[in-house]
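Below is one structure, written out as structure tokens, with a few remarks after it.
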Amino acid sequence: MTAFSNQSLMRNKYYSWIIKNLFSSWVNSLMTVVAIIFIYEVGTFFLNWAIFGADFRTNFRGELITDRTLCSKNISPGEFGACWAIIYARWDQFMYGFYPIEQVWRVNFVYVLLPLAIIGILFDKLPFRKYFIYFTFIYPFLAYFMLYGGPGLSVVGTNKWGGLLVTLFLGVTGIGLAFPLSIVLALGRRSKMPIVKSLCVVFIEFIRGVPLITLLFTANVMLPLFLPDGVNPDNLLRALVAVTLFQSAYMAEAIRGGLQAIPRGQIEAAQSLGLNYWQTTRKIILPQALKIAIPPIVNTCIGLFKDTSLVLIIGLFDLLGIGRAALADMTWTKLYYEVYVFISLVFFIFCFGMSRYSLYLEKKLKTDNS
Amino acid sequence: MERVIQLEKVNKWYDDFHVLKDIDLNVQKGQKIVVCGPSGSGKSTMIRCINRLEAHQKGQIVVHGTELTNDLKNIDMIRKNVGMVFQQFNLFPHLSVIDNISLAPIWVKKMPKKEAEDIAMSYLEKVKIPEQAQKFPGQLSGGQQQRVAIARSLAMNPDIMLFDEPTSALDPEMIKEVLDVMIQLAEEGMTMLVVTHEMGFAKTVADQMIFMDEGKIVEQATPDEFFNNPKSDRTKLFLSQILNH
Amino acid sequence: MESYFVRKLIFDEKSRSLLIQTLVIGLFALFIYLIAQQTAYNLEKRGISSGFDFLNISAGYDISIRLIPFTSEDTHLRAYFVGLLNTLMIAVCGCFLATIMGFLVGVIRLSSNWLFRNIAYVYVEFTRNVPVLLQIILYYSILLHLPKIKQAIEIFDGFFLTNRGFFTPSPIFKEGFSIVLCSFIVAIIVSIFIKRILKKKQEQTGKQYPIFYINSALIILTPILFYYIMGRPLEFDTPVLKGFNFKGGMVIRPEFLGMLFGLSIYTAAFISETVRSGIIAVSKGQREASQALGLKNNLVMRLIVIPQALRVIIPPLTSQYLNLTKNSSLGIAIGYADLVHGFGGISLNQTGRAIEIMLMVMLTYLTISLTISLFMNIYNKSVQFKGNA
Ligand SMILES: Nc1ncnc2c1ncn2[C@@H]1O[C@H](COP(=O)(O)OP(=O)(O)OP(=O)(O)O)[C@@H](O)[C@H]1O
Ligand SMILES: [Mg+2]
């Protein structure tokens, strides 16, 4: 008896939810119908294109696809599905660029360890967090050694790097280098010393006022002009300089927001205990300010991660650059949608993941403070 | 008697607003002075000048024979010897209670961590909340927080303590636990400069009462004289308001 | 004596701050000096001349998308202005479209229909988590895959979609059209007065006037009336397929459309989020409160929610406009001749004056950004002032 009434209550709950959200008025009902038709049309079209009617490695005749003429849609006019074979064929390039194939294990090694290096920063309640953080500091050196080479490992020049490797390298390194710089800029912007303050303000506002592409051009064309002959940073390094400066200005603004949220009393209490400026900053202000600033910082990181795609304009082969190179190849040309949809998906996974994390932090901050 | 704090013709302005006008004040070692006065009269400003959370513009402030100027070394030295307790507690929310207390001994006095934590525990016992050591400030009541703040100041082993309305952000039932700690401190011979409107506390503890109004010290007297026979009309008015309250 | 001096220099708050600042500015000056010297040396060694004289040399390349006449004989300076105008054009059109789409999506995100809400949500998440450059390139390749001119799709009478662009009729203004235009402007001015007068009356008497409808009718009907009075002074030149191309009409190039779609679809996702949170921020308590006062629901939306939401929305909205303007520099990826592509790219390659050209380009963007922020600050102040009064 009770089970039955529970069940009917449950049914009632669903029922009232449906009424409220889908059929509350005749306009609402009409909208529901329109939406269902829309979802059905778009959904079936997309699924048929991307999955049910698509070629993966073989076409509808069962042949292995080795060039675009073998895609079903290029054989039979009735077929329109995607031809994912291009992704399979270019998989190594998408992941590693032109990294020598017998050395690719080094990149994989770095990829696999990346989550371990980041996880300690992301979750403050992680068990053994201290050791993860130690690893975070070792990781860049390890990764550089593995990727570039050195004693015991053959050198692989950055001109061979590409695809996801370049995208991640620019994103992660850019963020990592920009972080300390942005703290300095944010503190400088709040300094009482007028010269320090105005230098920081001018730098931040200048960087934020111009498009990234102009910075990339400048770094690409002008860095060699600025530097003595012996020092000639390669293309990737030049891009990294631009990306780092760019990111540091945006991050500095996010951190400044956090600094502004710290009550004056915190600083006064620290001063009254005899802590000097650096001790107060390091022990009292920054830990609190950064905690508040992490969600906006993560948002700037999402922006940067997407913006790394701009380096293709200065001739680097990031994910998008590799994609365009694949399309420029006569064997695979014209499979635009497959390539762009695939790259979009990769970016989406990373960026959406980061934005979820930022939301999670915001919620956590709210509950921590209440 | 040794003079530990000496203010001579101290003046301070916020832009063109004259907050402190020719303040003269002497505090001797072991003396307990209670400062009162209407809101905005400059009480906080005066005691914040003594450890230079605010800079004065004219006159002289000498603490332990060292004059307060722009000299950062002197400021550091004075701050090490002068503890301060704030109305809003100002505990560090990201640090546990024990870390709040041991922070300054470790970083300012360069004490080993273990030793600093032992000291922290001993002061927590003194303010009667050793069991709260591992909690965070947000998990404590207001009275407990203020007692942690007192312990935090004491851990630097200062010879002077400044209190700026330490009980006025507290619910009535918590005021007593904080005042008890302060009374105990007074009994141990600490030099104290206390801004408060707790007149009961003033009567039991104070050696001297100071009444401030509009940036001036209007009256300075022993508690006995101050409460029973105030000289200035403004003091009378203030006392009648606060005692009838 | 000396130790006193050193002590004063290092430990005195003021002199220490002065010392640090002198050091900072000294290091900075040294840095600039070293770079300048090295650059001068490098330039000389490579035989690159410098200066802005190149601006008067003829550019030697063509720009197909332009708002002012330009041929390859024209100067680099003119190429700069062509590029600047193209940047401004795409920025203005992009902001306009992005605002409309963004508000629409933002409101749909708050729709009472669960499916509509979530379709908008999916749109927002997918567009804002994919690089705008990738989107621009994607939309551009879709446009390039439209049918060839011979198989052009005619969507309306005289509107053709092709892989060479969007062909539309072009307007021809005849004598008397300026009067129609004037009547339109006058109608707007009059409607503002009507609004003020009726508002005042409403405040005095409490009687409600349908201000919105009166004014809409006025603004729409007046120019139509004058249009007919003046003998229909507007005609259209419709494109007609002649041989391999269209004759007449005008064409919107796929490069422009690719940029427009990429920028506005991407930015609209961000705008919709600010619109959504702006409306939520004001309507929570306020809307219920005003409903209790007995106002009708749509009136509540208009009188209280929207104006207040605008106050919250406009600052982040402006920063989205700024982002869009900066992102318009990506035209180079698909060949849209904006400032960076034409002047900053081709002119730079031809003259080799990297420093001068990049400086000009950056300062131009900086000027645009600072101008927009300046207006933003003025607006913010005026809003705050009203809020306090
Ligand atoms: N940073 C500041 N800038 C400008 N004016 C200030 C500042 N701090 C304090 N004042 C002003 O100086 C005057 C004295 O302030 P102070 O805090 O010393 O008063 P108080 O006696 O402690 O009052 P209360 O009992 O309310 O704490 C007040 O009028 C206050 O408005
Ligand atoms: Mg006060």
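Ordering of the structure tokens sets the chain letters (A, B, ...); residue numbers start at 1 within each chain; ligands are numbered from 1 in the order shown.
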
Near chain C, 6 Å: chain B residue rows, closest pairs, only C-alpha atoms, as a tab-separated table:
residue	atom	partner	partner_atom	distance
B:Asn70	CA	C:Glu13	CA	5.0
B:Asp71	CA	C:Asp12	CA	4.1
B:Leu72	CA	C:Phe11	CA	5.1
B:Lys73	CA	C:Phe11	CA	5.9

All alpha helix (DSSP H) positions in stretch 157-348 of chain A, as a ChimeraX atom specification: /A:164-168,174-189,194-209,212-226,235-260,264-272,277-279,286-307,319-328,336-348

Near-C:Asn163 list (8 Å; only C-alpha atoms; drop same-chain fewer than 6 positions) as a count of residues only: 8

Shortest interatomic distance to chain A - which of B:Ala206, B:Ile183, B:Leu103, B:Ala221, counting only C-alpha atoms: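 For chain A, the nearest of the given residues is B:Leu103.
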
Close residues to ligand 1 using only C-alpha atoms and all ligand atoms, limit 7 Å, as a PyMOL selection string: chain B and resi 14+19+37-46

Store the residues picked out above in a file with all heavy atoms, as a PDB file, in the first residue's frame.
ATOM      1  N   TYR B  14      44.001  63.480   8.401  1.00  0.00           N
ATOM      2  CA  TYR B  14      43.613  62.736   7.204  1.00  0.00           C
ATOM      3  C   TYR B  14      43.259  63.784   6.170  1.00  0.00           C
ATOM      4  O   TYR B  14      42.222  64.435   6.305  1.00  0.00           O
ATOM      5  CB  TYR B  14      42.388  61.846   7.462  1.00  0.00           C
ATOM      6  CG  TYR B  14      42.697  60.591   8.228  1.00  0.00           C
ATOM      7  CD1 TYR B  14      42.076  60.335   9.445  1.00  0.00           C
ATOM      8  CD2 TYR B  14      43.569  59.640   7.723  1.00  0.00           C
ATOM      9  CE1 TYR B  14      42.336  59.164  10.143  1.00  0.00           C
ATOM     10  CE2 TYR B  14      43.836  58.479   8.420  1.00  0.00           C
ATOM     11  CZ  TYR B  14      43.218  58.242   9.627  1.00  0.00           C
ATOM     12  OH  TYR B  14      43.481  57.095  10.296  1.00  0.00           O
ATOM     13  N   VAL B  19      42.663  64.820  12.942  1.00  0.00           N
ATOM     14  CA  VAL B  19      42.147  63.741  13.803  1.00  0.00           C
ATOM     15  C   VAL B  19      42.734  63.813  15.200  1.00  0.00           C
ATOM     16  O   VAL B  19      42.019  63.629  16.181  1.00  0.00           O
ATOM     17  CB  VAL B  19      42.509  62.342  13.272  1.00  0.00           C
ATOM     18  CG1 VAL B  19      41.371  61.389  13.529  1.00  0.00           C
ATOM     19  CG2 VAL B  19      42.926  62.356  11.838  1.00  0.00           C
ATOM     20  N   GLY B  37      35.740  57.545  25.084  1.00  0.00           N
ATOM     21  CA  GLY B  37      35.340  58.770  24.407  1.00  0.00           C
ATOM     22  C   GLY B  37      34.345  58.447  23.319  1.00  0.00           C
ATOM     23  O   GLY B  37      34.196  57.282  22.943  1.00  0.00           O
ATOM     24  N   PRO B  38      33.646  59.467  22.827  1.00  0.00           N
ATOM     25  CA  PRO B  38      32.612  59.211  21.816  1.00  0.00           C
ATOM     26  C   PRO B  38      33.212  58.689  20.511  1.00  0.00           C
ATOM     27  O   PRO B  38      34.409  58.826  20.275  1.00  0.00           O
ATOM     28  CB  PRO B  38      31.964  60.580  21.613  1.00  0.00           C
ATOM     29  CG  PRO B  38      32.924  61.560  22.160  1.00  0.00           C
ATOM     30  CD  PRO B  38      33.700  60.870  23.218  1.00  0.00           C
ATOM     31  N   SER B  39      32.344  58.103  19.685  1.00  0.00           N
ATOM     32  CA  SER B  39      32.785  57.551  18.411  1.00  0.00           C
ATOM     33  C   SER B  39      33.364  58.652  17.528  1.00  0.00           C
ATOM     34  O   SER B  39      32.843  59.759  17.485  1.00  0.00           O
ATOM     35  CB  SER B  39      31.585  56.897  17.726  1.00  0.00           C
ATOM     36  OG  SER B  39      31.974  56.390  16.499  1.00  0.00           O
ATOM     37  N   GLY B  40      34.457  58.341  16.874  1.00  0.00           N
ATOM     38  CA  GLY B  40      35.081  59.314  15.979  1.00  0.00           C
ATOM     39  C   GLY B  40      35.986  60.287  16.687  1.00  0.00           C
ATOM     40  O   GLY B  40      36.502  61.227  16.087  1.00  0.00           O
ATOM     41  N   SER B  41      36.243  60.081  17.985  1.00  0.00           N
ATOM     42  CA  SER B  41      37.052  61.046  18.716  1.00  0.00           C
ATOM     43  C   SER B  41      38.543  60.842  18.494  1.00  0.00           C
ATOM     44  O   SER B  41      39.346  61.661  18.919  1.00  0.00           O
ATOM     45  CB  SER B  41      36.728  60.962  20.208  1.00  0.00           C
ATOM     46  OG  SER B  41      36.922  59.644  20.656  1.00  0.00           O
ATOM     47  N   GLY B  42      38.925  59.722  17.870  1.00  0.00           N
ATOM     48  CA  GLY B  42      40.342  59.521  17.544  1.00  0.00           C
ATOM     49  C   GLY B  42      41.039  58.520  18.439  1.00  0.00           C
ATOM     50  O   GLY B  42      42.267  58.435  18.431  1.00  0.00           O
ATOM     51  N   LYS B  43      40.286  57.729  19.205  1.00  0.00           N
ATOM     52  CA  LYS B  43      40.900  56.744  20.110  1.00  0.00           C
ATOM     53  C   LYS B  43      41.689  55.706  19.330  1.00  0.00           C
ATOM     54  O   LYS B  43      42.865  55.447  19.616  1.00  0.00           O
ATOM     55  CB  LYS B  43      39.807  56.044  20.934  1.00  0.00           C
ATOM     56  CG  LYS B  43      38.858  56.971  21.641  1.00  0.00           C
ATOM     57  CD  LYS B  43      37.765  56.217  22.363  1.00  0.00           C
ATOM     58  CE  LYS B  43      36.853  55.395  21.485  1.00  0.00           C
ATOM     59  NZ  LYS B  43      35.863  56.134  20.686  1.00  0.00           N
ATOM     60  N   SER B  44      41.012  55.116  18.344  1.00  0.00           N
ATOM     61  CA  SER B  44      41.698  54.093  17.548  1.00  0.00           C
ATOM     62  C   SER B  44      42.920  54.683  16.885  1.00  0.00           C
ATOM     63  O   SER B  44      43.996  54.092  16.906  1.00  0.00           O
ATOM     64  CB  SER B  44      40.776  53.548  16.469  1.00  0.00           C
ATOM     65  OG  SER B  44      39.655  52.963  17.055  1.00  0.00           O
ATOM     66  N   THR B  45      42.735  55.858  16.304  1.00  0.00           N
ATOM     67  CA  THR B  45      43.847  56.475  15.588  1.00  0.00           C
ATOM     68  C   THR B  45      45.036  56.653  16.515  1.00  0.00           C
ATOM     69  O   THR B  45      46.172  56.371  16.138  1.00  0.00           O
ATOM     70  CB  THR B  45      43.398  57.827  15.017  1.00  0.00           C
ATOM     71  OG1 THR B  45      42.179  57.638  14.313  1.00  0.00           O
ATOM     72  CG2 THR B  45      44.440  58.391  14.094  1.00  0.00           C
ATOM     73  N   MET B  46      44.780  57.070  17.740  1.00  0.00           N
ATOM     74  CA  MET B  46      45.879  57.311  18.658  1.00  0.00           C
ATOM     75  C   MET B  46      46.644  56.011  18.926  1.00  0.00           C
ATOM     76  O   MET B  46      47.872  55.977  18.816  1.00  0.00           O
ATOM     77  CB  MET B  46      45.377  57.899  19.971  1.00  0.00           C
ATOM     78  CG  MET B  46      46.514  58.195  20.930  1.00  0.00           C
ATOM     79  SD  MET B  46      45.943  58.857  22.498  1.00  0.00           S
ATOM     80  CE  MET B  46      45.362  57.386  23.312  1.00  0.00           C
TER      81      MET B  46
END

Please check the contacts: residues of chain B at most 8 Å away from chain A, using only C-alpha atoms, listed as a JSON list (two decimals) with all heavy atoms, in the first residue's frame.
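Wrote selection14.json, looks like this:
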[["chain", "number", "residue", "atom", "x", "y", "z"],
["B", 51, "ASN", "N", 51.90, 51.77, 17.30],
["B", 51, "ASN", "CA", 52.73, 50.78, 16.58],
["B", 51, "ASN", "C", 52.76, 51.08, 15.08],
["B", 51, "ASN", "O", 53.02, 50.21, 14.27],
["B", 51, "ASN", "CB", 52.29, 49.35, 16.88],
["B", 51, "ASN", "CG", 50.91, 49.06, 16.35],
["B", 51, "ASN", "OD1", 50.24, 49.95, 15.85],
["B", 51, "ASN", "ND2", 50.49, 47.81, 16.47],
["B", 53, "LEU", "N", 50.63, 51.69, 12.75],
["B", 53, "LEU", "CA", 49.73, 51.28, 11.67],
["B", 53, "LEU", "C", 49.27, 52.54, 10.96],
["B", 53, "LEU", "O", 48.81, 52.50, 9.82],
["B", 53, "LEU", "CB", 48.54, 50.52, 12.24],
["B", 53, "LEU", "CG", 48.88, 49.12, 12.78],
["B", 53, "LEU", "CD1", 47.64, 48.44, 13.34],
["B", 53, "LEU", "CD2", 49.53, 48.27, 11.73],
["B", 76, "ASP", "N", 60.04, 47.99, 12.96],
["B", 76, "ASP", "CA", 60.02, 46.54, 13.19],
["B", 76, "ASP", "C", 60.28, 46.21, 14.65],
["B", 76, "ASP", "O", 59.59, 45.38, 15.23],
["B", 76, "ASP", "CB", 61.11, 45.87, 12.33],
["B", 76, "ASP", "CG", 60.63, 45.63, 10.93],
["B", 76, "ASP", "OD1", 59.42, 45.82, 10.69],
["B", 76, "ASP", "OD2", 61.45, 45.26, 10.07],
["B", 77, "MET", "N", 61.27, 46.91, 15.22],
["B", 77, "MET", "CA", 61.64, 46.61, 16.60],
["B", 77, "MET", "C", 60.48, 46.90, 17.53],
["B", 77, "MET", "O", 60.15, 46.11, 18.42],
["B", 77, "MET", "CB", 62.85, 47.46, 16.98],
["B", 77, "MET", "CG", 63.67, 46.90, 18.08],
["B", 77, "MET", "SD", 65.23, 47.76, 18.12],
["B", 77, "MET", "CE", 64.72, 49.35, 18.74],
["B", 79, "ARG", "N", 57.29, 47.08, 16.79],
["B", 79, "ARG", "CA", 56.15, 46.19, 16.59],
["B", 79, "ARG", "C", 56.37, 44.84, 17.26],
["B", 79, "ARG", "O", 55.43, 44.17, 17.67],
["B", 79, "ARG", "CB", 55.90, 46.00, 15.10],
["B", 79, "ARG", "CG", 55.14, 47.17, 14.50],
["B", 79, "ARG", "CD", 54.84, 46.93, 13.06],
["B", 79, "ARG", "NE", 54.19, 48.10, 12.46],
["B", 79, "ARG", "CZ", 54.19, 48.34, 11.16],
["B", 79, "ARG", "NH1", 54.80, 47.51, 10.34],
["B", 79, "ARG", "NH2", 53.58, 49.40, 10.70],
["B", 80, "LYS", "N", 57.64, 44.41, 17.34],
["B", 80, "LYS", "CA", 57.92, 43.15, 18.02],
["B", 80, "LYS", "C", 57.60, 43.24, 19.50],
["B", 80, "LYS", "O", 57.24, 42.24, 20.12],
["B", 80, "LYS", "CB", 59.40, 42.78, 17.84],
["B", 80, "LYS", "CG", 59.66, 41.99, 16.58],
["B", 80, "LYS", "CD", 61.12, 41.59, 16.52],
["B", 80, "LYS", "CE", 61.64, 41.80, 15.12],
["B", 80, "LYS", "NZ", 63.08, 41.58, 15.02],
["B", 82, "VAL", "N", 55.39, 45.45, 20.88],
["B", 82, "VAL", "CA", 54.06, 45.98, 21.16],
["B", 82, "VAL", "C", 53.02, 45.08, 20.52],
["B", 82, "VAL", "O", 53.01, 44.92, 19.31],
["B", 82, "VAL", "CB", 53.92, 47.42, 20.62],
["B", 82, "VAL", "CG1", 52.52, 47.95, 20.91],
["B", 82, "VAL", "CG2", 54.96, 48.33, 21.23],
["B", 83, "GLY", "N", 52.19, 44.47, 21.34],
["B", 83, "GLY", "CA", 51.14, 43.61, 20.79],
["B", 83, "GLY", "C", 49.88, 44.40, 20.59],
["B", 83, "GLY", "O", 49.66, 45.42, 21.24],
["B", 84, "MET", "N", 49.04, 43.94, 19.64],
["B", 84, "MET", "CA", 47.80, 44.68, 19.43],
["B", 84, "MET", "C", 46.64, 43.71, 19.21],
["B", 84, "MET", "O", 46.78, 42.70, 18.53],
["B", 84, "MET", "CB", 47.94, 45.59, 18.22],
["B", 84, "MET", "CG", 46.67, 46.34, 17.90],
["B", 84, "MET", "SD", 47.06, 47.99, 17.32],
["B", 84, "MET", "CE", 45.42, 48.64, 17.10],
["B", 86, "PHE", "N", 42.57, 43.62, 18.01],
["B", 86, "PHE", "CA", 41.64, 44.46, 17.24],
["B", 86, "PHE", "C", 40.20, 44.13, 17.59],
["B", 86, "PHE", "O", 39.87, 43.04, 18.04],
["B", 86, "PHE", "CB", 41.83, 44.22, 15.75],
["B", 86, "PHE", "CG", 43.21, 44.52, 15.24],
["B", 86, "PHE", "CD1", 44.21, 43.56, 15.32],
["B", 86, "PHE", "CD2", 43.51, 45.75, 14.70],
["B", 86, "PHE", "CE1", 45.48, 43.83, 14.85],
["B", 86, "PHE", "CE2", 44.78, 46.03, 14.23],
["B", 86, "PHE", "CZ", 45.76, 45.08, 14.31],
["B", 88, "GLN", "N", 37.89, 43.63, 15.41],
["B", 88, "GLN", "CA", 37.38, 42.57, 14.52],
["B", 88, "GLN", "C", 38.24, 41.31, 14.56],
["B", 88, "GLN", "O", 38.23, 40.52, 13.62],
["B", 88, "GLN", "CB", 37.29, 43.08, 13.09],
["B", 88, "GLN", "CG", 36.37, 44.25, 12.89],
["B", 88, "GLN", "CD", 34.94, 43.93, 13.23],
["B", 88, "GLN", "OE1", 34.55, 42.77, 13.26],
["B", 88, "GLN", "NE2", 34.15, 44.94, 13.52],
["B", 90, "ASN", "N", 40.63, 39.95, 13.46],
["B", 90, "ASN", "CA", 41.62, 39.85, 12.38],
["B", 90, "ASN", "C", 42.48, 38.61, 12.47],
["B", 90, "ASN", "O", 43.68, 38.64, 12.22],
["B", 90, "ASN", "CB", 42.52, 41.08, 12.34],
["B", 90, "ASN", "CG", 41.76, 42.33, 11.97],
["B", 90, "ASN", "OD1", 40.64, 42.22, 11.47],
["B", 90, "ASN", "ND2", 42.33, 43.48, 12.22],
["B", 91, "LEU", "N", 41.88, 37.48, 12.81],
["B", 91, "LEU", "CA", 42.62, 36.22, 12.73],
["B", 91, "LEU", "C", 42.81, 35.88, 11.26],
["B", 91, "LEU", "O", 42.06, 36.34, 10.40],
["B", 91, "LEU", "CB", 41.86, 35.10, 13.43],
["B", 91, "LEU", "CG", 41.79, 35.23, 14.95],
["B", 91, "LEU", "CD1", 41.00, 34.06, 15.53],
["B", 91, "LEU", "CD2", 43.18, 35.28, 15.56],
["B", 92, "PHE", "N", 43.83, 35.07, 10.96],
["B", 92, "PHE", "CA", 44.08, 34.68, 9.58],
["B", 92, "PHE", "C", 43.23, 33.46, 9.25],
["B", 92, "PHE", "O", 43.49, 32.37, 9.75],
["B", 92, "PHE", "CB", 45.56, 34.39, 9.37],
["B", 92, "PHE", "CG", 46.44, 35.51, 9.82],
["B", 92, "PHE", "CD1", 47.52, 35.29, 10.67],
["B", 92, "PHE", "CD2", 46.19, 36.82, 9.41],
["B", 92, "PHE", "CE1", 48.32, 36.33, 11.09],
["B", 92, "PHE", "CE2", 46.99, 37.87, 9.83],
["B", 92, "PHE", "CZ", 48.06, 37.63, 10.67],
["B", 94, "HIS", "N", 42.91, 31.46, 6.85],
["B", 94, "HIS", "CA", 43.43, 30.30, 6.13],
["B", 94, "HIS", "C", 44.39, 29.48, 6.98],
["B", 94, "HIS", "O", 44.90, 28.47, 6.52],
["B", 94, "HIS", "CB", 44.13, 30.76, 4.85],
["B", 94, "HIS", "CG", 45.30, 31.66, 5.11],
["B", 94, "HIS", "ND1", 45.18, 32.87, 5.75],
["B", 94, "HIS", "CD2", 46.61, 31.52, 4.83],
["B", 94, "HIS", "CE1", 46.36, 33.45, 5.86],
["B", 94, "HIS", "NE2", 47.26, 32.64, 5.30],
["B", 104, "ALA", "N", 54.08, 34.27, 13.80],
["B", 104, "ALA", "CA", 55.04, 35.36, 14.03],
["B", 104, "ALA", "C", 56.30, 34.87, 14.76],
["B", 104, "ALA", "O", 57.40, 35.24, 14.35],
["B", 104, "ALA", "CB", 54.36, 36.50, 14.78],
["B", 107, "TRP", "N", 58.41, 33.27, 11.98],
["B", 107, "TRP", "CA", 58.93, 34.09, 10.88],
["B", 107, "TRP", "C", 59.61, 35.36, 11.34],
["B", 107, "TRP", "O", 60.50, 35.86, 10.68],
["B", 107, "TRP", "CB", 57.80, 34.42, 9.90],
["B", 107, "TRP", "CG", 57.39, 33.20, 9.17],
["B", 107, "TRP", "CD1", 56.34, 32.39, 9.49],
["B", 107, "TRP", "CD2", 58.05, 32.58, 8.08],
["B", 107, "TRP", "NE1", 56.31, 31.32, 8.66],
["B", 107, "TRP", "CE2", 57.33, 31.41, 7.77],
["B", 107, "TRP", "CE3", 59.16, 32.92, 7.32],
["B", 107, "TRP", "CZ2", 57.71, 30.55, 6.74],
["B", 107, "TRP", "CZ3", 59.54, 32.07, 6.28],
["B", 107, "TRP", "CH2", 58.81, 30.91, 6.00],
["B", 108, "VAL", "N", 59.16, 35.91, 12.47],
["B", 108, "VAL", "CA", 59.78, 37.16, 12.91],
["B", 108, "VAL", "C", 60.92, 36.86, 13.89],
["B", 108, "VAL", "O", 61.99, 37.42, 13.78],
["B", 108, "VAL", "CB", 58.73, 38.07, 13.57],
["B", 108, "VAL", "CG1", 59.37, 39.37, 14.03],
["B", 108, "VAL", "CG2", 57.60, 38.36, 12.58],
["B", 153, "SER", "N", 49.00, 37.62, 19.97],
["B", 153, "SER", "CA", 49.85, 38.76, 20.30],
["B", 153, "SER", "C", 50.84, 38.40, 21.40],
["B", 153, "SER", "O", 52.00, 38.76, 21.34],
["B", 153, "SER", "CB", 48.98, 39.91, 20.80],
["B", 153, "SER", "OG", 48.43, 40.58, 19.73],
["B", 156, "MET", "N", 54.35, 36.67, 20.93],
["B", 156, "MET", "CA", 55.57, 37.41, 20.56],
["B", 156, "MET", "C", 56.24, 37.97, 21.81],
["B", 156, "MET", "O", 57.23, 38.70, 21.71],
["B", 156, "MET", "CB", 55.22, 38.55, 19.60],
["B", 156, "MET", "CG", 54.97, 38.11, 18.18],
["B", 156, "MET", "SD", 56.42, 37.35, 17.46],
["B", 156, "MET", "CE", 57.42, 38.79, 17.13]]
